[in-house]
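This report concerns only the one structure given below.
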Amino acid sequence: MMRVRGLARLARSGYASGRWVYSSLGSGESAPLLLEHSSHFRTPLQSSREVLGCRVIYSWVSNAISTVGQQVQLQSSSAVEEQVDPFSLVADELSILADRLRSMVVAEVPKLASAAEYFFKLGVEGKRFRPTVLLLMATALDLPIQRQTSEAAVNALSSELRTRQQCIAEITEMIHVASLLHDDVLDDADTRRGIGSLNYVMGNKLAVLAGDFLLSRACVALASLKNTEVVSLLAKVVEHLVTGETMQMTTTSDQRCSMEYYMEKTYYKTASLISNSCKAIALLAGQTADVSNLAFEYGKNLGLAFQLIDDVLDFTGTSTSLGKGSLSDIRHGIVTAPILFAIEEFPELRVIVNQGFEKSSNVDRALEYLSMSSGIQRARELAAKHASLASAAIDALPENEDEVVQRSRRALVELTNLVITRTK
């Protein structure tokens with residue numbers, strides 16, 4: 001990893017300003033475009049390929065990523081770093097967070113309490129992917145406290161910081177679960193995490209109220225941090241979730257078939273929560289703007305890779321493995337990356353997309369075109385590119401010789417691999 005640090009830093013000026021990678025070329029070509037990042041996304045028509053004031057095509061990005069991968073693979077066996085299981089590293093802390101979350105969502109009204117704790121009960125809380133990312137990020141950004149204080153005082157300060165960062169993980173999970181409850185109502189879903197969705201079991205009204213209740217609890221916890229910058233970041237996340245869902249519901253024909261529009265919506269719906277939460281972890285630790293932005297870039301690219309694979313699995317997975325119905329997106333008229341790539345190869349597929357998927361025959365025809373195209377493969381490749389950018393962001397962090405910090409950084413890199421190789 002250390003051998004490629006210089007290359008990662010050289011590339012940082014490009015990818016740190018990047019919004020997302022997207023190859024608009026044919027399946028046989030792989031030159032991606034790195035679109036701009038700003039604190040406020042522009043509309044698709046306003047977006048440009050502007051990085052540090054230059055308008056260039058970043059074909060070197062894929063070459064840099066490829067070079068990084070090759071150099072890592074060519075490391076001698078003596079330099080191979082130990083494999084780490086990201087989830088086991090924070091397993092004990094996750095258990096504490098899970099118990100605390102269950103206590104935080106207790107409500108006075110029994111029905112609301114049952115609804116609010118529905119996805120926090122033992123056995124259905126999921127893999128807690130986001131809290132895992134945030135706890136690992138907190139350790140990966142650990143800084144020695146440079147103060148002339150006693151060891152006891154230093155330990156107390158470290159413990160207080162960790163508790164505040166754990167609070168970010170709890171807030172993030174509550175926001176995430178609230179968004180799932182609301183999404184299931186909007187999508188009329190009947191399963192989630194392998195069990196009946198809350199709206200299916202208790203009805204739409206209670207599911208909406210439970211989601212609102214979780215958001216209110218998240219707001220209370222957020223206010224307790226007394227950090228206006230962090231409050232602003234996570235408040236923006238909630239706005240992004242609403243914006244992304246609205247973008248999905250109210251697309252024009254052109255937007256529906258636009259990869260750029262899809263990626264912007266995906267950032268709002270999925271990646272914003274992870275990226276801004278990672279940045280919040282860095283801000284609470286007193287990190288510099290550069291380091292905070294690297295944390296943001298890691299979360300953004302990891303989130304985009306995660307959703308791209310989710311979209312692939314909707315076509316290739318099974319209902320049992322996914323915990324929800326497969327082909328659910330296309331049956332709800334949601335056009336995702338594999339279909340968008342297939343449209344580039346078979347423009348006639350766009351006619352079917354514009355007709356909608358209320359008729360099962362249109363679903364079948366779209367799947368036929370998809371099977372003839374490289375849509376699935378290209379979506380996986382795009383996910384891999386974002387995973388590589390996430391990994392590069394971790395490699396670009398300031399050097400730290402502490403073994404615990406290094407292990408957490410390796411775990412964050414391993415998460416990027418797990419995201420793109422997962423089957424559920």
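Labels used: A, B, ... for chains in the order of the structure tokens, numbers from 1 for residues in each chain, and numbers from 1 for ligands as shown.
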Please give the complete set of residues from segment 178-368 of chain A that DSSP, run on the backbone, assigns to alpha helix (DSSP H), formatted as a ChimeraX atom specification.
/A:178-187,198-202,204-224,228-249,253-256,259-266,272-284,289-316,319-322,328-331,337-345,349-355,360-368
Store the residues of this selection in a file with C-alpha atoms, as a CSV table (one decimal), in the first residue's frame.
```csv
chain,number,residue,atom,x,y,z
A,178,ALA,CA,-36.2,5.8,8.3
A,179,SER,CA,-35.5,6.1,4.6
A,180,LEU,CA,-36.1,2.4,4.1
A,181,LEU,CA,-39.5,2.6,5.9
A,182,HIS,CA,-40.5,5.6,3.7
A,183,ASP,CA,-39.1,4.0,0.5
A,184,ASP,CA,-41.1,0.8,1.1
A,185,VAL,CA,-44.3,2.8,1.4
A,186,LEU,CA,-43.6,4.6,-1.9
A,187,ASP,CA,-42.6,1.4,-3.7
A,198,LEU,CA,-43.3,-2.7,8.0
A,199,ASN,CA,-45.9,-1.2,5.6
A,200,TYR,CA,-47.0,-4.7,4.6
A,201,VAL,CA,-47.2,-5.8,8.3
A,202,MET,CA,-48.6,-2.7,10.0
A,204,ASN,CA,-48.6,2.5,5.3
A,205,LYS,CA,-49.7,5.1,7.9
A,206,LEU,CA,-47.8,3.5,10.8
A,207,ALA,CA,-44.8,2.9,8.6
A,208,VAL,CA,-44.6,6.6,7.6
A,209,LEU,CA,-45.1,7.7,11.2
A,210,ALA,CA,-42.4,5.3,12.4
A,211,GLY,CA,-40.0,6.7,9.8
A,212,ASP,CA,-40.8,10.3,11.0
A,213,PHE,CA,-40.2,9.2,14.6
A,214,LEU,CA,-36.8,7.8,13.8
A,215,LEU,CA,-35.9,11.0,12.0
A,216,SER,CA,-37.0,13.0,15.1
A,217,ARG,CA,-34.8,10.8,17.4
A,218,ALA,CA,-31.9,11.3,15.0
A,219,CYS,CA,-32.4,15.1,15.2
A,220,VAL,CA,-32.4,15.0,19.0
A,221,ALA,CA,-29.1,13.0,19.0
A,222,LEU,CA,-27.6,15.3,16.4
A,223,ALA,CA,-28.5,18.4,18.5
A,224,SER,CA,-26.7,16.9,21.5
A,228,THR,CA,-23.2,23.3,13.9
A,229,GLU,CA,-21.1,22.1,10.9
A,230,VAL,CA,-22.0,18.5,11.6
A,231,VAL,CA,-25.7,19.4,12.2
A,232,SER,CA,-25.7,21.2,8.8
A,233,LEU,CA,-24.0,18.2,7.0
A,234,LEU,CA,-26.5,15.6,8.3
A,235,ALA,CA,-29.5,17.9,7.8
A,236,LYS,CA,-28.4,18.3,4.2
A,237,VAL,CA,-28.4,14.5,4.0
A,238,VAL,CA,-32.1,14.3,4.8
A,239,GLU,CA,-32.8,17.0,2.2
A,240,HIS,CA,-30.8,14.9,-0.3
A,241,LEU,CA,-32.9,11.8,0.5
A,242,VAL,CA,-36.1,13.6,-0.3
A,243,THR,CA,-34.6,15.2,-3.4
A,244,GLY,CA,-33.3,11.9,-4.7
A,245,GLU,CA,-36.7,10.2,-4.2
A,246,THR,CA,-38.5,13.0,-5.9
A,247,MET,CA,-36.1,12.8,-8.8
A,248,GLN,CA,-36.9,9.1,-9.1
A,249,MET,CA,-40.6,9.8,-9.1
A,253,SER,CA,-38.2,10.8,-20.8
A,254,ASP,CA,-34.7,12.2,-21.3
A,255,GLN,CA,-33.9,12.2,-17.6
A,256,ARG,CA,-35.0,8.6,-17.3
A,259,MET,CA,-26.7,8.1,-16.9
A,260,GLU,CA,-25.7,11.4,-15.5
A,261,TYR,CA,-29.2,12.0,-14.0
A,262,TYR,CA,-29.1,8.4,-12.6
A,263,MET,CA,-25.8,9.0,-10.9
A,264,GLU,CA,-26.9,12.3,-9.5
A,265,LYS,CA,-30.0,10.7,-8.1
A,266,THR,CA,-27.9,7.8,-6.7
A,272,SER,CA,-24.8,11.3,0.4
A,273,LEU,CA,-25.6,9.7,3.8
A,274,ILE,CA,-22.3,7.7,3.8
A,275,SER,CA,-20.1,10.5,2.5
A,276,ASN,CA,-21.4,13.2,4.7
A,277,SER,CA,-21.4,11.0,7.8
A,278,CYS,CA,-17.7,10.1,7.1
A,279,LYS,CA,-16.9,13.8,6.8
A,280,ALA,CA,-18.8,14.4,10.1
A,281,ILE,CA,-16.5,11.8,11.8
A,282,ALA,CA,-13.5,13.7,10.5
A,283,LEU,CA,-14.8,17.0,11.6
A,284,LEU,CA,-15.5,15.8,15.2
A,289,ALA,CA,-10.3,20.3,5.4
A,290,ASP,CA,-8.2,18.1,3.2
A,291,VAL,CA,-8.5,15.0,5.4
A,292,SER,CA,-12.2,15.7,5.9
A,293,ASN,CA,-12.7,15.8,2.1
A,294,LEU,CA,-10.8,12.5,1.7
A,295,ALA,CA,-13.2,11.0,4.2
A,296,PHE,CA,-16.1,12.4,2.1
A,297,GLU,CA,-14.6,11.1,-1.1
A,298,TYR,CA,-14.3,7.6,0.4
A,299,GLY,CA,-17.9,7.5,1.5
A,300,LYS,CA,-19.2,9.0,-1.7
A,301,ASN,CA,-17.4,6.5,-4.0
A,302,LEU,CA,-18.1,3.6,-1.7
A,303,GLY,CA,-21.8,4.6,-1.7
A,304,LEU,CA,-22.0,4.8,-5.4
A,305,ALA,CA,-20.2,1.5,-5.8
A,306,PHE,CA,-22.6,-0.1,-3.3
A,307,GLN,CA,-25.7,1.1,-5.2
A,308,LEU,CA,-24.4,0.1,-8.6
A,309,ILE,CA,-23.9,-3.4,-7.3
A,310,ASP,CA,-27.4,-3.3,-5.8
A,311,ASP,CA,-28.7,-2.5,-9.2
A,312,VAL,CA,-26.9,-5.4,-10.7
A,313,LEU,CA,-28.1,-7.8,-8.1
A,314,ASP,CA,-31.7,-6.7,-8.8
A,315,PHE,CA,-31.2,-8.5,-12.1
A,316,THR,CA,-28.9,-11.3,-11.1
A,319,SER,CA,-35.5,-12.9,-3.7
A,320,THR,CA,-34.0,-15.1,-0.9
A,321,SER,CA,-30.5,-13.8,-1.2
A,322,LEU,CA,-31.5,-10.2,-1.4
A,328,SER,CA,-38.2,-5.0,-8.2
A,329,ASP,CA,-36.7,-1.9,-9.7
A,330,ILE,CA,-37.7,-2.5,-13.3
A,331,ARG,CA,-41.2,-3.8,-12.3
A,337,ALA,CA,-27.3,1.4,-14.7
A,338,PRO,CA,-27.5,-2.0,-16.4
A,339,ILE,CA,-30.5,-0.9,-18.5
A,340,LEU,CA,-29.0,2.5,-19.2
A,341,PHE,CA,-25.8,0.8,-20.5
A,342,ALA,CA,-27.9,-1.6,-22.6
A,343,ILE,CA,-29.7,1.4,-24.2
A,344,GLU,CA,-26.4,2.7,-25.4
A,345,GLU,CA,-25.8,-0.6,-27.3
A,349,LEU,CA,-34.6,-0.3,-26.0
A,350,ARG,CA,-35.4,3.3,-25.2
A,351,VAL,CA,-38.8,3.0,-26.9
A,352,ILE,CA,-39.7,0.2,-24.5
A,353,VAL,CA,-38.4,2.2,-21.5
A,354,ASN,CA,-40.5,5.2,-22.5
A,355,GLN,CA,-43.6,2.9,-22.8
A,360,SER,CA,-45.0,-7.8,-18.3
A,361,SER,CA,-44.2,-8.1,-22.0
A,362,ASN,CA,-42.2,-4.9,-21.8
A,363,VAL,CA,-40.3,-6.2,-18.9
A,364,ASP,CA,-39.5,-9.4,-20.8
A,365,ARG,CA,-38.4,-7.5,-23.8
A,366,ALA,CA,-36.1,-5.2,-21.8
A,367,LEU,CA,-34.6,-8.3,-20.1
A,368,GLU,CA,-33.9,-9.8,-23.5
```
Quick one, how far is atom CA of Glu358 of chain A from atom CA of Ile334 of chain A?
11.4 Å
As a ChimeraX atom specification, please: the residues near Arg128 of chain A (cut-off 12 Å, only C-alpha atoms, same-chain neighbours under 2 positions excluded).
/A:86-88,90-91,93-95,97-98,101,119-120,122-126,130-135,169-170,172-174,176-177,193
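With only C-alpha atoms as the atoms that count, the residue of A:Thr250, A:Ser103, A:Thr139, A:Phe346 with the shortest distance to Met372 of chain A is A:Phe346.
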Can you tell me, as a ChimeraX atom specification, what residues are no more than 10 Å from Ser391 of chain A when counting only C-alpha atoms, ignoring any on the same chain fewer than 4 positions away?
/A:8,65,297-298,301-302,385-387,395-396,409-410,412-417
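Coordinates place atom CA of Gly333 of chain A at a distance of 12.6 Å from atom CA of Thr252 of chain A.
We find atom CA of Gln406 of chain A and atom CA of Leu141 of chain A to be spaced 9.7 Å apart.
Of the residues listed (A:Pro398, A:Gly317, A:Gly356, A:Gly194), A:Gly356 shows the shortest atom-to-atom separation from Cys257 of chain A; distances use only C-alpha atoms.
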DSSP on the backbone, strand (DSSP E) only: what residues of segment 135-245 of chain A does that give? Format it as a ChimeraX atom specification.
/A:191-192,195-196
Writer output for current selection, C-alpha atoms, as a compact mmCIF listing (two decimals), in the first residue's frame:
```txt
# COMPACT_ATOMS: atom_id res chain seq x y z
CA THR A 191 -40.49 -7.62 1.94
CA ARG A 192 -37.36 -6.13 3.48
CA ILE A 195 -39.18 -10.48 6.36
CA GLY A 196 -42.40 -8.63 5.68
```
